[in-house]
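Novice: TSV, C-alpha atoms, file target-v4.tsv:
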```tsv
chain	number	residue	atom	x	y	z
T	1	MET	CA	-1.21	-22.65	-22.24
T	2	THR	CA	2.18	-20.97	-21.81
T	3	ASP	CA	3.09	-19.54	-18.44
T	4	MET	CA	2.05	-15.94	-17.84
T	5	LEU	CA	3.14	-13.59	-15.10
T	6	ARG	CA	-0.47	-12.49	-14.79
T	7	ALA	CA	-3.18	-14.23	-16.80
T	8	PRO	CA	-6.21	-12.11	-17.79
T	9	ALA	CA	-9.49	-13.05	-16.14
T	10	GLU	CA	-10.85	-14.86	-19.20
T	11	VAL	CA	-7.80	-17.16	-19.17
T	12	LYS	CA	-7.57	-17.56	-15.43
T	13	TYR	CA	-11.23	-18.49	-15.07
T	14	ALA	CA	-11.68	-20.15	-18.48
T	15	ASP	CA	-13.12	-23.40	-17.06
T	16	GLU	CA	-15.64	-21.52	-14.95
T	17	LEU	CA	-16.69	-19.31	-17.87
T	18	ASP	CA	-17.05	-22.35	-20.14
T	19	TRP	CA	-19.27	-24.05	-17.58
T	20	LEU	CA	-21.43	-20.99	-17.01
T	21	GLU	CA	-21.86	-20.59	-20.75
T	22	SER	CA	-22.92	-24.23	-21.08
T	23	ILE	CA	-25.74	-23.92	-18.52
T	24	ASP	CA	-26.80	-20.37	-19.42
T	25	ASP	CA	-30.31	-20.27	-20.89
T	26	GLY	CA	-31.05	-16.61	-20.08
T	27	PRO	CA	-31.51	-13.85	-22.67
T	28	LYS	CA	-28.23	-12.32	-23.85
T	29	PRO	CA	-27.98	-8.72	-25.08
T	30	PHE	CA	-26.25	-8.29	-28.44
T	31	SER	CA	-23.24	-10.59	-28.81
T	32	TRP	CA	-22.74	-11.23	-25.10
T	33	ARG	CA	-21.27	-14.60	-24.18
T	34	LEU	CA	-23.23	-14.73	-20.91
T	35	SER	CA	-26.60	-13.40	-19.83
T	36	PRO	CA	-26.67	-10.52	-17.33
T	37	LYS	CA	-27.58	-12.90	-14.48
T	38	MET	CA	-24.65	-15.15	-15.27
T	39	VAL	CA	-22.30	-12.17	-15.54
T	40	ARG	CA	-23.34	-11.14	-12.04
T	41	LEU	CA	-22.90	-14.72	-10.83
T	42	PHE	CA	-19.39	-14.87	-12.30
T	43	VAL	CA	-18.33	-11.63	-10.60
T	44	LEU	CA	-20.00	-12.03	-7.21
T	45	GLY	CA	-19.92	-15.81	-6.88
T	46	SER	CA	-22.63	-18.36	-6.24
T	47	GLU	CA	-24.75	-18.91	-3.16
T	48	ARG	CA	-26.40	-22.07	-1.90
T	49	ALA	CA	-29.78	-20.73	-2.99
T	50	ASP	CA	-28.62	-20.68	-6.62
T	51	GLY	CA	-28.81	-24.48	-6.69
T	52	LEU	CA	-25.81	-24.94	-8.98
T	53	ASP	CA	-23.89	-28.19	-9.43
T	54	ARG	CA	-20.59	-26.49	-8.72
T	55	GLU	CA	-19.44	-23.49	-6.74
T	56	VAL	CA	-18.58	-20.26	-8.53
T	57	SER	CA	-15.94	-18.30	-6.66
T	58	GLN	CA	-16.47	-14.70	-5.58
T	59	LYS	CA	-13.98	-12.49	-7.39
T	60	TRP	CA	-15.03	-8.95	-6.54
T	61	PHE	CA	-16.08	-7.91	-3.04
T	62	GLY	CA	-18.50	-5.03	-2.82
T	63	ASP	CA	-22.16	-4.05	-2.96
T	64	ARG	CA	-24.02	-6.16	-5.52
T	65	SER	CA	-25.98	-3.07	-6.61
T	66	PHE	CA	-22.77	-1.61	-8.10
T	67	VAL	CA	-22.26	-4.74	-10.19
T	68	GLU	CA	-25.89	-4.88	-11.29
T	69	ARG	CA	-25.94	-1.23	-12.34
T	70	SER	CA	-22.70	-1.73	-14.25
T	71	ILE	CA	-24.14	-4.70	-16.13
T	72	VAL	CA	-27.37	-2.86	-16.96
T	73	THR	CA	-25.37	0.09	-18.28
T	74	LEU	CA	-23.32	-2.14	-20.59
T	75	ALA	CA	-26.54	-3.70	-21.91
T	76	SER	CA	-27.59	-0.22	-23.05
T	77	ASP	CA	-25.82	2.00	-25.57
T	78	ARG	CA	-24.06	4.07	-22.93
T	79	GLY	CA	-20.50	3.80	-21.66
T	80	LEU	CA	-19.71	2.83	-18.08
T	81	LEU	CA	-17.46	4.97	-15.89
T	82	LEU	CA	-16.23	3.39	-12.66
T	83	ILE	CA	-14.99	6.14	-10.38
T	84	GLY	CA	-13.52	6.01	-6.89
T	85	ASP	CA	-10.38	6.28	-4.79
T	86	PRO	CA	-7.22	4.37	-5.76
T	87	GLY	CA	-7.26	0.74	-4.74
T	88	THR	CA	-11.05	0.28	-4.62
T	89	GLY	CA	-11.06	-2.45	-7.28
T	90	LYS	CA	-12.31	-0.44	-10.27
T	91	SER	CA	-9.91	-1.94	-12.79
T	92	TRP	CA	-10.46	-5.47	-11.46
T	93	LEU	CA	-14.23	-5.09	-11.77
T	94	ALA	CA	-13.83	-3.71	-15.32
T	95	GLU	CA	-11.65	-6.69	-16.25
T	96	LEU	CA	-14.12	-9.20	-14.80
T	97	LEU	CA	-17.06	-7.62	-16.62
T	98	ALA	CA	-15.22	-7.57	-19.95
T	99	ALA	CA	-14.11	-11.19	-19.47
T	100	ALA	CA	-17.63	-12.40	-18.69
T	101	ILE	CA	-19.34	-10.42	-21.45
T	102	SER	CA	-16.80	-10.67	-24.28
T	103	ARG	CA	-14.26	-13.31	-23.16
T	104	ASN	CA	-11.65	-10.64	-23.86
T	105	SER	CA	-10.52	-8.10	-21.27
T	106	THR	CA	-7.27	-7.11	-22.98
T	107	LEU	CA	-8.53	-4.39	-25.34
T	108	VAL	CA	-7.25	-1.65	-23.03
T	109	VAL	CA	-6.06	1.92	-23.48
T	110	GLN	CA	-4.08	3.33	-20.56
T	111	GLY	CA	-4.80	7.01	-20.06
T	112	THR	CA	-1.75	9.19	-19.39
T	113	ALA	CA	-0.62	12.70	-20.23
T	114	GLY	CA	1.05	11.13	-23.30
T	115	THR	CA	-2.05	9.36	-24.61
T	116	THR	CA	-3.00	10.68	-28.05
T	117	GLU	CA	-6.02	10.45	-30.31
T	118	ASP	CA	-4.18	7.72	-32.26
T	119	HIS	CA	-4.30	5.51	-29.18
T	120	ILE	CA	-8.09	5.39	-29.25
T	121	LYS	CA	-8.59	5.51	-33.04
T	122	TYR	CA	-5.82	4.24	-35.32
T	123	SER	CA	-2.26	4.77	-36.52
T	124	TRP	CA	-0.26	3.65	-39.53
T	125	ASN	CA	2.41	1.06	-40.29
T	126	VAL	CA	4.94	3.48	-41.75
T	127	SER	CA	6.92	0.90	-43.74
T	128	MET	CA	3.76	-0.45	-45.39
T	129	VAL	CA	2.54	3.05	-46.17
T	130	ILE	CA	5.87	3.87	-47.86
T	131	ALA	CA	5.81	0.63	-49.84
T	132	LYS	CA	2.13	0.40	-50.84
T	133	GLY	CA	0.41	3.58	-49.68
T	134	GLN	CA	-2.33	4.08	-47.13
T	135	SER	CA	-4.92	1.30	-47.01
T	136	ARG	CA	-6.88	-0.69	-44.45
T	137	ALA	CA	-4.04	-3.24	-44.55
T	138	SER	CA	-1.48	-0.63	-43.49
T	139	MET	CA	-3.69	0.78	-40.75
T	140	ILE	CA	-3.08	-0.19	-37.11
T	141	PRO	CA	-6.39	-0.14	-35.21
T	142	SER	CA	-6.42	0.91	-31.58
T	143	PRO	CA	-7.83	-1.45	-28.92
T	144	ILE	CA	-10.99	0.68	-28.91
T	145	MET	CA	-11.40	0.40	-32.69
T	146	THR	CA	-10.79	-3.35	-32.49
T	147	ALA	CA	-13.54	-3.59	-29.86
T	148	MET	CA	-15.87	-1.64	-32.17
T	149	GLU	CA	-15.20	-3.97	-35.12
T	150	ARG	CA	-15.70	-7.10	-33.02
T	151	GLY	CA	-18.71	-5.86	-31.04
T	152	VAL	CA	-17.04	-6.40	-27.67
T	153	ILE	CA	-16.03	-4.39	-24.61
T	154	GLY	CA	-13.14	-1.92	-24.81
T	155	ARG	CA	-11.54	-0.51	-21.67
T	156	PHE	CA	-10.07	2.91	-20.95
T	157	GLU	CA	-8.03	3.13	-17.74
T	158	GLU	CA	-7.47	6.44	-15.92
T	159	LEU	CA	-9.67	8.52	-18.21
T	160	THR	CA	-9.05	11.78	-16.35
T	161	ARG	CA	-5.30	11.38	-16.87
T	162	SER	CA	-5.70	11.90	-20.62
T	163	THR	CA	-5.93	15.33	-22.25
T	164	SER	CA	-9.06	17.09	-23.43
T	165	ASP	CA	-8.26	16.29	-27.10
T	166	VAL	CA	-8.35	12.58	-26.36
T	167	GLN	CA	-11.54	12.92	-24.33
T	168	ASP	CA	-13.19	14.85	-27.18
T	169	ALA	CA	-12.31	12.06	-29.62
T	170	LEU	CA	-13.97	9.60	-27.27
T	171	ILE	CA	-17.20	11.65	-27.34
T	172	SER	CA	-17.53	10.99	-31.06
T	173	ILE	CA	-17.03	7.26	-30.64
T	174	LEU	CA	-19.57	7.01	-27.84
T	175	SER	CA	-22.21	9.13	-29.56
T	176	GLU	CA	-21.82	8.30	-33.26
T	177	LYS	CA	-20.61	4.70	-32.82
T	178	TYR	CA	-18.25	4.94	-35.76
T	179	VAL	CA	-14.78	6.22	-36.65
T	180	SER	CA	-14.02	8.00	-39.93
T	181	ILE	CA	-10.70	7.44	-41.70
T	182	PRO	CA	-10.29	10.58	-43.88
T	183	GLU	CA	-6.96	9.37	-45.32
T	184	LEU	CA	-8.80	6.67	-47.30
T	185	ASP	CA	-11.12	7.17	-50.26
T	186	ASP	CA	-12.90	3.81	-49.95
T	187	ASP	CA	-13.82	1.67	-46.96
T	188	ASN	CA	-13.15	4.72	-44.82
T	189	ILE	CA	-15.62	4.24	-41.95
T	190	VAL	CA	-15.42	1.71	-39.15
T	191	PHE	CA	-18.85	1.09	-37.64
T	192	ALA	CA	-19.30	-0.32	-34.14
T	193	GLN	CA	-20.93	-3.74	-34.10
T	194	PRO	CA	-23.73	-4.63	-31.65
T	195	GLY	CA	-22.24	-5.41	-28.25
T	196	PHE	CA	-19.59	-2.71	-28.36
T	197	SER	CA	-19.24	-0.57	-25.27
T	198	ILE	CA	-16.54	1.10	-23.22
T	199	ILE	CA	-15.72	0.65	-19.54
T	200	ALA	CA	-13.65	3.57	-18.30
T	201	THR	CA	-12.13	4.10	-14.87
T	202	ALA	CA	-11.18	7.32	-13.11
T	203	ASN	CA	-9.68	8.09	-9.73
T	204	SER	CA	-11.68	10.55	-7.68
T	205	ARG	CA	-8.36	11.92	-6.38
T	206	ASP	CA	-7.53	13.03	-9.95
T	207	ARG	CA	-10.22	15.70	-9.98
T	208	GLY	CA	-8.74	18.83	-11.48
T	209	VAL	CA	-6.10	16.96	-13.51
T	210	ASN	CA	-8.19	16.80	-16.69
T	211	ASP	CA	-11.81	17.20	-15.68
T	212	LEU	CA	-14.37	15.48	-17.87
T	213	SER	CA	-16.44	17.79	-20.05
T	214	SER	CA	-20.21	17.81	-19.55
T	215	ALA	CA	-20.57	16.36	-23.07
T	216	LEU	CA	-18.43	13.35	-22.19
T	217	LYS	CA	-20.14	12.88	-18.84
T	218	ARG	CA	-23.48	12.59	-20.63
T	219	ARG	CA	-22.15	9.62	-22.62
T	220	PHE	CA	-21.33	7.66	-19.47
T	221	ASN	CA	-23.30	6.19	-16.63
T	222	PHE	CA	-21.34	6.79	-13.42
T	223	VAL	CA	-20.90	4.04	-10.84
T	224	ARG	CA	-19.03	5.26	-7.76
T	225	ILE	CA	-17.04	2.56	-5.99
T	226	PRO	CA	-16.54	3.54	-2.33
T	227	VAL	CA	-13.58	2.66	-0.14
T	228	VAL	CA	-14.23	-0.57	1.74
T	229	THR	CA	-14.66	0.35	5.39
T	230	ASN	CA	-16.29	-2.83	6.66
T	231	LYS	CA	-13.49	-4.76	8.34
T	232	ARG	CA	-14.99	-8.16	7.53
T	233	SER	CA	-15.35	-7.35	3.83
T	234	GLU	CA	-11.87	-5.92	3.70
T	235	ALA	CA	-10.46	-9.01	5.38
T	236	GLU	CA	-12.12	-11.17	2.72
T	237	ILE	CA	-10.57	-9.09	-0.06
T	238	VAL	CA	-7.10	-9.22	1.49
T	239	ARG	CA	-7.33	-13.00	2.04
T	240	PHE	CA	-8.58	-13.58	-1.51
T	241	ARG	CA	-5.88	-11.53	-3.21
T	242	THR	CA	-3.12	-12.75	-0.90
T	243	THR	CA	-4.03	-16.38	-1.63
T	244	GLU	CA	-3.71	-15.64	-5.35
T	245	LEU	CA	-0.33	-13.98	-4.84
T	246	LEU	CA	0.98	-16.90	-2.80
T	247	ARG	CA	-0.18	-19.30	-5.50
T	248	ARG	CA	1.52	-17.19	-8.18
T	249	HIS	CA	4.79	-17.21	-6.23
T	250	GLN	CA	4.33	-20.91	-5.35
T	251	ILE	CA	4.73	-20.10	-1.68
T	252	GLU	CA	3.16	-22.10	1.11
T	253	LEU	CA	2.87	-19.85	4.13
T	254	ASP	CA	0.05	-19.28	6.57
T	255	VAL	CA	-1.13	-15.78	7.42
T	256	PRO	CA	-2.07	-15.89	11.12
T	257	PRO	CA	-5.52	-14.35	11.68
T	258	ASN	CA	-4.21	-12.17	14.53
T	259	LEU	CA	-1.61	-10.59	12.22
T	260	LEU	CA	-4.27	-9.91	9.59
T	261	ASP	CA	-6.32	-8.22	12.34
T	262	ILE	CA	-3.31	-6.06	13.27
T	263	LEU	CA	-2.84	-5.03	9.63
T	264	LEU	CA	-6.53	-4.16	9.20
T	265	GLN	CA	-6.64	-2.26	12.50
T	266	SER	CA	-3.51	-0.29	11.64
T	267	PHE	CA	-4.92	0.86	8.31
T	268	ALA	CA	-8.24	1.73	9.98
T	269	ASP	CA	-6.39	3.82	12.59
T	270	LEU	CA	-4.32	5.62	9.96
T	271	ARG	CA	-7.42	6.36	7.88
T	272	THR	CA	-9.12	7.85	10.94
T	273	ALA	CA	-6.07	10.02	11.57
T	274	ALA	CA	-6.02	11.14	7.92
T	275	ALA	CA	-9.72	12.04	8.05
T	276	SER	CA	-9.16	14.29	11.07
T	277	ALA	CA	-6.03	15.95	9.63
T	278	THR	CA	-6.32	19.67	8.92
T	279	SER	CA	-3.68	19.82	6.16
T	280	ASP	CA	-2.01	17.57	3.58
T	281	ASP	CA	1.22	17.67	5.60
T	282	GLU	CA	-0.59	15.80	8.36
T	283	LYS	CA	-1.72	13.03	5.98
T	284	LEU	CA	0.27	10.15	4.60
T	285	GLU	CA	0.83	10.40	0.86
T	286	SER	CA	-0.52	6.86	0.60
T	287	ALA	CA	-4.23	6.46	-0.18
T	288	LEU	CA	-4.34	3.72	2.52
T	289	SER	CA	-6.40	1.60	0.15
T	290	THR	CA	-7.15	-2.10	0.38
T	291	ALA	CA	-4.76	-2.64	-2.53
T	292	GLU	CA	-1.96	-1.09	-0.47
T	293	GLN	CA	-2.77	-3.38	2.44
T	294	ILE	CA	-2.35	-6.31	0.08
T	295	GLY	CA	0.98	-4.87	-1.05
T	296	VAL	CA	2.18	-4.56	2.55
T	297	LEU	CA	1.18	-8.14	3.31
T	298	GLU	CA	2.79	-9.48	0.12
T	299	ASP	CA	6.02	-7.64	0.96
T	300	ALA	CA	6.05	-9.13	4.46
T	301	ILE	CA	5.35	-12.63	3.16
T	302	LEU	CA	8.12	-12.49	0.55
T	303	HIS	CA	10.57	-11.09	3.12
T	304	SER	CA	9.68	-13.89	5.54
T	305	THR	CA	10.12	-16.48	2.78
T	306	PHE	CA	13.41	-15.29	1.33
T	307	PHE	CA	15.14	-13.76	4.36
T	308	GLY	CA	13.33	-15.30	7.33
T	309	ASP	CA	12.29	-18.71	8.58
T	310	ARG	CA	9.18	-18.94	6.34
T	311	THR	CA	6.98	-17.79	9.23
T	312	LEU	CA	5.16	-14.47	9.07
T	313	ARG	CA	5.86	-12.46	12.21
T	314	ALA	CA	4.48	-9.19	13.55
T	315	GLN	CA	7.91	-7.55	13.49
T	316	THR	CA	8.31	-8.24	9.76
T	317	LEU	CA	4.77	-7.01	9.08
T	318	ALA	CA	5.51	-3.74	10.89
T	319	GLY	CA	8.69	-3.20	8.88
T	320	SER	CA	6.84	-3.80	5.62
T	321	LEU	CA	4.07	-1.38	6.62
T	322	VAL	CA	6.50	1.41	7.48
T	323	GLY	CA	8.62	0.79	4.40
T	324	SER	CA	5.59	0.80	2.09
T	325	LEU	CA	3.85	3.86	3.54
T	326	ALA	CA	6.84	6.13	4.24
T	327	ARG	CA	7.09	7.78	0.83
T	328	ARG	CA	7.96	11.31	1.86
T	329	THR	CA	10.86	12.12	4.12
T	330	PRO	CA	10.50	13.42	6.74
T	331	GLU	CA	6.72	14.09	6.59
T	332	ASP	CA	5.44	10.51	6.34
T	333	LEU	CA	7.96	9.23	8.85
T	334	ALA	CA	6.83	11.87	11.35
T	335	ILE	CA	3.20	10.81	10.90
T	336	LEU	CA	4.05	7.12	11.33
T	337	ASN	CA	6.23	7.86	14.35
T	338	LYS	CA	3.36	9.75	15.94
T	339	TYR	CA	1.03	6.83	15.24
T	340	TRP	CA	3.46	4.30	16.70
T	341	HIS	CA	3.93	6.29	19.91
T	342	GLY	CA	0.34	7.47	20.31
T	343	VAL	CA	-1.60	4.36	19.27
T	344	VAL	CA	0.55	1.25	18.83
T	345	GLU	CA	2.49	1.67	22.08
T	346	PRO	CA	-0.61	2.00	24.34
T	347	ARG	CA	-2.26	-0.88	22.50
T	348	SER	CA	0.79	-3.08	22.97
T	349	LYS	CA	0.69	-2.42	26.73
T	350	GLN	CA	-3.01	-3.17	26.87
T	351	ASP	CA	-3.21	-6.20	24.56
T	352	GLY	CA	0.37	-7.48	24.57
T	353	GLY	CA	1.11	-10.46	22.33
T	354	ASP	CA	1.88	-9.68	18.71
T	355	TRP	CA	1.18	-5.98	19.24
T	356	GLN	CA	4.39	-5.79	21.29
T	357	ALA	CA	6.44	-7.30	18.46
T	358	PHE	CA	4.62	-5.04	15.99
T	359	LEU	CA	5.61	-2.04	18.13
T	360	GLU	CA	9.28	-3.03	18.17
T	361	GLY	CA	9.36	-3.80	14.45
T	362	GLY	CA	7.83	-0.43	13.58
T	363	ARG	CA	10.24	1.46	15.84
T	364	GLU	CA	13.22	-0.26	14.21
T	365	ALA	CA	11.97	0.49	10.71
T	366	ILE	CA	11.30	4.15	11.49
T	367	ALA	CA	14.71	4.56	13.09
T	368	THR	CA	16.40	2.96	10.07
T	369	LEU	CA	14.63	5.25	7.61
T	370	SER	CA	15.06	8.42	9.67
```
Could you write out this structure as C-alpha cells?

Specialist:
Amino acid sequence: MTDMLRAPAEVKYADELDWLESIDDGPKPFSWRLSPKMVRLFVLGSERADGLDREVSQKWFGDRSFVERSIVTLASDRGLLLIGDPGTGKSWLAELLAAAISRNSTLVVQGTAGTTEDHIKYSWNVSMVIAKGQSRASMIPSPIMTAMERGVIGRFEELTRSTSDVQDALISILSEKYVSIPELDDDNIVFAQPGFSIIATANSRDRGVNDLSSALKRRFNFVRIPVVTNKRSEAEIVRFRTTELLRRHQIELDVPPNLLDILLQSFADLRTAAASATSDDEKLESALSTAEQIGVLEDAILHSTFFGDRTLRAQTLAGSLVGSLARRTPEDLAILNKYWHGVVEPRSKQDGGDWQAFLEGGREAIATLS
C-alpha cells in the first residue's frame, strides 16, 4: 500500500474488517459485507462479554442507540441524515458505517453553494462526446450514481449547504431509486442495486442556509448527534484522535493528564459562558466542539515538537488555545481576555501548578494578538 496522508477507514482498518468478515455468521441485508451486529461492533468496539479472540478498537464515541438506529435505517430503503453541531463526529460516523457495510467510504459528494445536479447524477467527457457522440462510455457518473450501480453506500456531506435544485434531484434518487439519462436513446436508465443507500450529514447551525424541503425530509431518517458534554467521554475522544495524529506525524510525545484536564475544563467553561451570553457578540465564533479541542491540542504538540523541547507545557497549550479560538478581532479576544481574568486567574491562585503557567501563556498570547 502506498503512503496516504489520510487513509479511508476501510484501508486503515482493513485487517480488522477482514477478520470480522471471516467470523461473521449473522444475516446480512442486501449486499452488505458485515451483518448489522458486526457493523455495530466495528464502530463501537468489542467488550469482554463479546467473547472474541481479539480486541476490536472503539472508533466512535457516543450513545450506542445512535449507531444502532443508523444501522437499522441503512438496512431499510430510507436514507440516513446525521445532523448536529460542527465537530460532533457526524462525518466520521458516516465514514465508519460506509466502510463496514460496503468496504468503500470514498463515494462522497461535498455539498456547497457551487454543488450542481451534475455532481449527484452525471456529467460528460467533452472530448469523447465530440469524437464519438454521447454514450454510456462518454458519461462520467457521479459518486452517488456509482454507489447506485454497485449497490453500496453513497455519502453526501453538508446537505443543507447545497441549493434547492440539488436537493430536489436527490428526492428523485431516494424515492424512485433510478436516474434517467434523457440524452441517450438506449440504455438510458441507471437503476439502484440492492444495498444502495445514502448517508447525508447536516450541521444544525446551518439552519436557514438552505432548509430541507418536507419532501426530502420524508426520504430520510434523522439521527441527531448531540455535543459531547460528558468530560470522561470527551477525554476518550480527544485521547483517541490525538494518538492517531501523533502516529501520523511519527511523533513520540506524552500528553500529561493534568494538561488534558485543563484543556477540557477550559472548553467546558467557555461553553457555559456561551450558553449564558445574550448576544452573538458575547459568544466566540468557534463552535467549541470536541474537534476543535483536538485541533488545539495538535497545534500545541506540533509547536512543542518543532519549536520547543519536545515536552508539552501549559504555556504552549494556552497559546494554542488563544490562537485557535481568536478568529474575530477584537470581539473574540475580548471574550478570551474576560475569561482569562475572570476564571483562569482565580483558578490559578486556588489550584496553582500548571494553571499558573496556563494563565501566563494565555495572557502573552492575548497581548500579542491585541

Novice: Residues within 8 Å of Met145 of chain T, please, as a list in words. Count only C-alpha atoms; anything in the same chain fewer than 3 positions from it doesn't count.

Specialist: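 Answer for this query is Ile120, Lys121, Tyr122, Pro141, Ser142, Met148, Glu149, Val179 and Val190 of chain T.
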
Novice: I'd like to know which of T:Leu96, T:Ile140, T:Met128, T:Ile173 is closest to Phe220 of chain T, using only C-alpha atoms.

Specialist: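 Looking at the shortest contact to Phe220 of chain T, the residue is T:Ile173.
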
Novice: Measure the distance from atom CA of Ala94 of chain T to atom CA of Gln58 of chain T in Å and round it to one decimal.

Specialist: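 Atom CA of Ala94 of chain T sits 14.9 Å away from atom CA of Gln58 of chain T.
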
Novice: For atom CA of Arg218 of chain T and atom CA of Leu170 of chain T, determine how far apart the two atoms are, in Å to one decimal place.

Specialist: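 One can read the atom CA of Arg218 of chain T to atom CA of Leu170 of chain T distance as 12.0 Å.
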
Novice: One number please: atom CA of Gly151 of chain T to atom CA of Asn203 of chain T, in Å, one decimal.

Specialist: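 It comes out at 27.0 Å.
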
Novice: Leaving out Lys90 of chain T and any residue of its chain fewer than 4 positions from it, which residues lie within 9 Å of it when counting all atoms listed in the file, given as a compact mmCIF listing (two decimals) with C-alpha atoms, keeping the file's coordinate frame?

Specialist:
```
# COMPACT_ATOMS: atom_id res chain seq x y z
CA LEU T 82 -16.23 3.39 -12.66
CA ILE T 83 -14.99 6.14 -10.38
CA GLY T 84 -13.52 6.01 -6.89
CA ASP T 85 -10.38 6.28 -4.79
CA PRO T 86 -7.22 4.37 -5.76
CA ALA T 94 -13.83 -3.71 -15.32
CA GLU T 95 -11.65 -6.69 -16.25
CA THR T 201 -12.13 4.10 -14.87
CA ALA T 202 -11.18 7.32 -13.11
CA ASN T 203 -9.68 8.09 -9.73
CA ILE T 225 -17.04 2.56 -5.99
```

Novice: Show which residues sit within 9 Å of segment 43-49 of chain T, as an MDAnalysis selection string. Count all atoms listed in the file, and ignore same-chain residues fewer than 4 positions away.

Specialist: chainID T and resid 38:39 54:62 64 67 93 96:97 100

Novice: Would you write out those residues with C-alpha atoms, as a PDB file, in the frame of the given file?

Specialist:
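Listed below is the output, out-v5.pdb:
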```pdb
ATOM      1  CA  MET T  38     -24.650 -15.150 -15.270  1.00  0.00           C
ATOM      2  CA  VAL T  39     -22.300 -12.170 -15.540  1.00  0.00           C
ATOM      3  CA  ARG T  54     -20.590 -26.490  -8.720  1.00  0.00           C
ATOM      4  CA  GLU T  55     -19.440 -23.490  -6.740  1.00  0.00           C
ATOM      5  CA  VAL T  56     -18.580 -20.260  -8.530  1.00  0.00           C
ATOM      6  CA  SER T  57     -15.940 -18.300  -6.660  1.00  0.00           C
ATOM      7  CA  GLN T  58     -16.470 -14.700  -5.580  1.00  0.00           C
ATOM      8  CA  LYS T  59     -13.980 -12.490  -7.390  1.00  0.00           C
ATOM      9  CA  TRP T  60     -15.030  -8.950  -6.540  1.00  0.00           C
ATOM     10  CA  PHE T  61     -16.080  -7.910  -3.040  1.00  0.00           C
ATOM     11  CA  GLY T  62     -18.500  -5.030  -2.820  1.00  0.00           C
ATOM     12  CA  ARG T  64     -24.020  -6.160  -5.520  1.00  0.00           C
ATOM     13  CA  VAL T  67     -22.260  -4.740 -10.190  1.00  0.00           C
ATOM     14  CA  LEU T  93     -14.230  -5.090 -11.770  1.00  0.00           C
ATOM     15  CA  LEU T  96     -14.120  -9.200 -14.800  1.00  0.00           C
ATOM     16  CA  LEU T  97     -17.060  -7.620 -16.620  1.00  0.00           C
ATOM     17  CA  ALA T 100     -17.630 -12.400 -18.690  1.00  0.00           C
TER      18      ALA T 100
END
```

Novice: Give the answer as one residue: which of T:Asp354, T:Glu244, T:Asp332, T:Asp254 has the shortest atom-to-atom distance to Ala274 of chain T, using all atoms listed in the file?

Specialist: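 Ranked by minimum distance to Ala274 of chain T, first place goes to T:Asp332.
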
Novice: Please determine, counting all atoms listed in the file, which residue among T:Glu183, T:Glu68, T:Glu157, T:Glu176 has the shortest atom-to-atom distance to Trp124 of chain T.

Specialist: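 Nearest to Trp124 of chain T: T:Glu183.
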
Novice: If you count only C-alpha atoms, which residues fall within 9 Å of Ser180 of chain T, apart from same-chain ones fewer than 5 positions away, as a PyMOL selection string?

Specialist: chain T and resi 188-191

Novice: Given all atoms listed in the file as the basis, pick out the residue of T:Arg247, T:Arg327, T:His341, T:Arg155 nearest to Leu74 of chain T.

Specialist: T:Arg155

Novice: Neighbourhood query: residues within 7 Å of (4.1, 14.7, 4.9), file coordinates, counting only C-alpha atoms; return as a PDB file with C-alpha atoms, in the coordinates of the input.

Specialist:
```pdb
ATOM      1  CA  ASP T 280      -2.010  17.570   3.580  1.00  0.00           C
ATOM      2  CA  ASP T 281       1.220  17.670   5.600  1.00  0.00           C
ATOM      3  CA  GLU T 282      -0.590  15.800   8.360  1.00  0.00           C
ATOM      4  CA  LYS T 283      -1.720  13.030   5.980  1.00  0.00           C
ATOM      5  CA  LEU T 284       0.270  10.150   4.600  1.00  0.00           C
ATOM      6  CA  GLU T 285       0.830  10.400   0.860  1.00  0.00           C
ATOM      7  CA  ARG T 328       7.960  11.310   1.860  1.00  0.00           C
ATOM      8  CA  PRO T 330      10.500  13.420   6.740  1.00  0.00           C
ATOM      9  CA  GLU T 331       6.720  14.090   6.590  1.00  0.00           C
ATOM     10  CA  ASP T 332       5.440  10.510   6.340  1.00  0.00           C
TER      11      ASP T 332
END
```

Novice: Compare T:Ala300, T:Leu317, T:Ile199, T:Ile262 by their minimum atom-to-atom distance to Ser105 of chain T, counting all atoms listed in the file, and give me the closest one.

Specialist: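 Among the listed residues, the smallest separation from Ser105 of chain T belongs to T:Ile199.
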
Novice: From the list T:Ala169, T:Ala357, T:Ala75, T:Leu246, which residue is nearest Leu259 of chain T when using all atoms listed in the file?

Specialist: T:Ala357

Novice: Can you list, as a list in words, every protein, DNA or RNA residue that comes within 10 Å of Thr368 of chain T when you count all atoms listed in the file, leaving out same-chain residues fewer than 5 positions away?

Specialist: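 These residues fall inside the cut-off: Gly319, Gly323, Gly362 and Arg363 of chain T.
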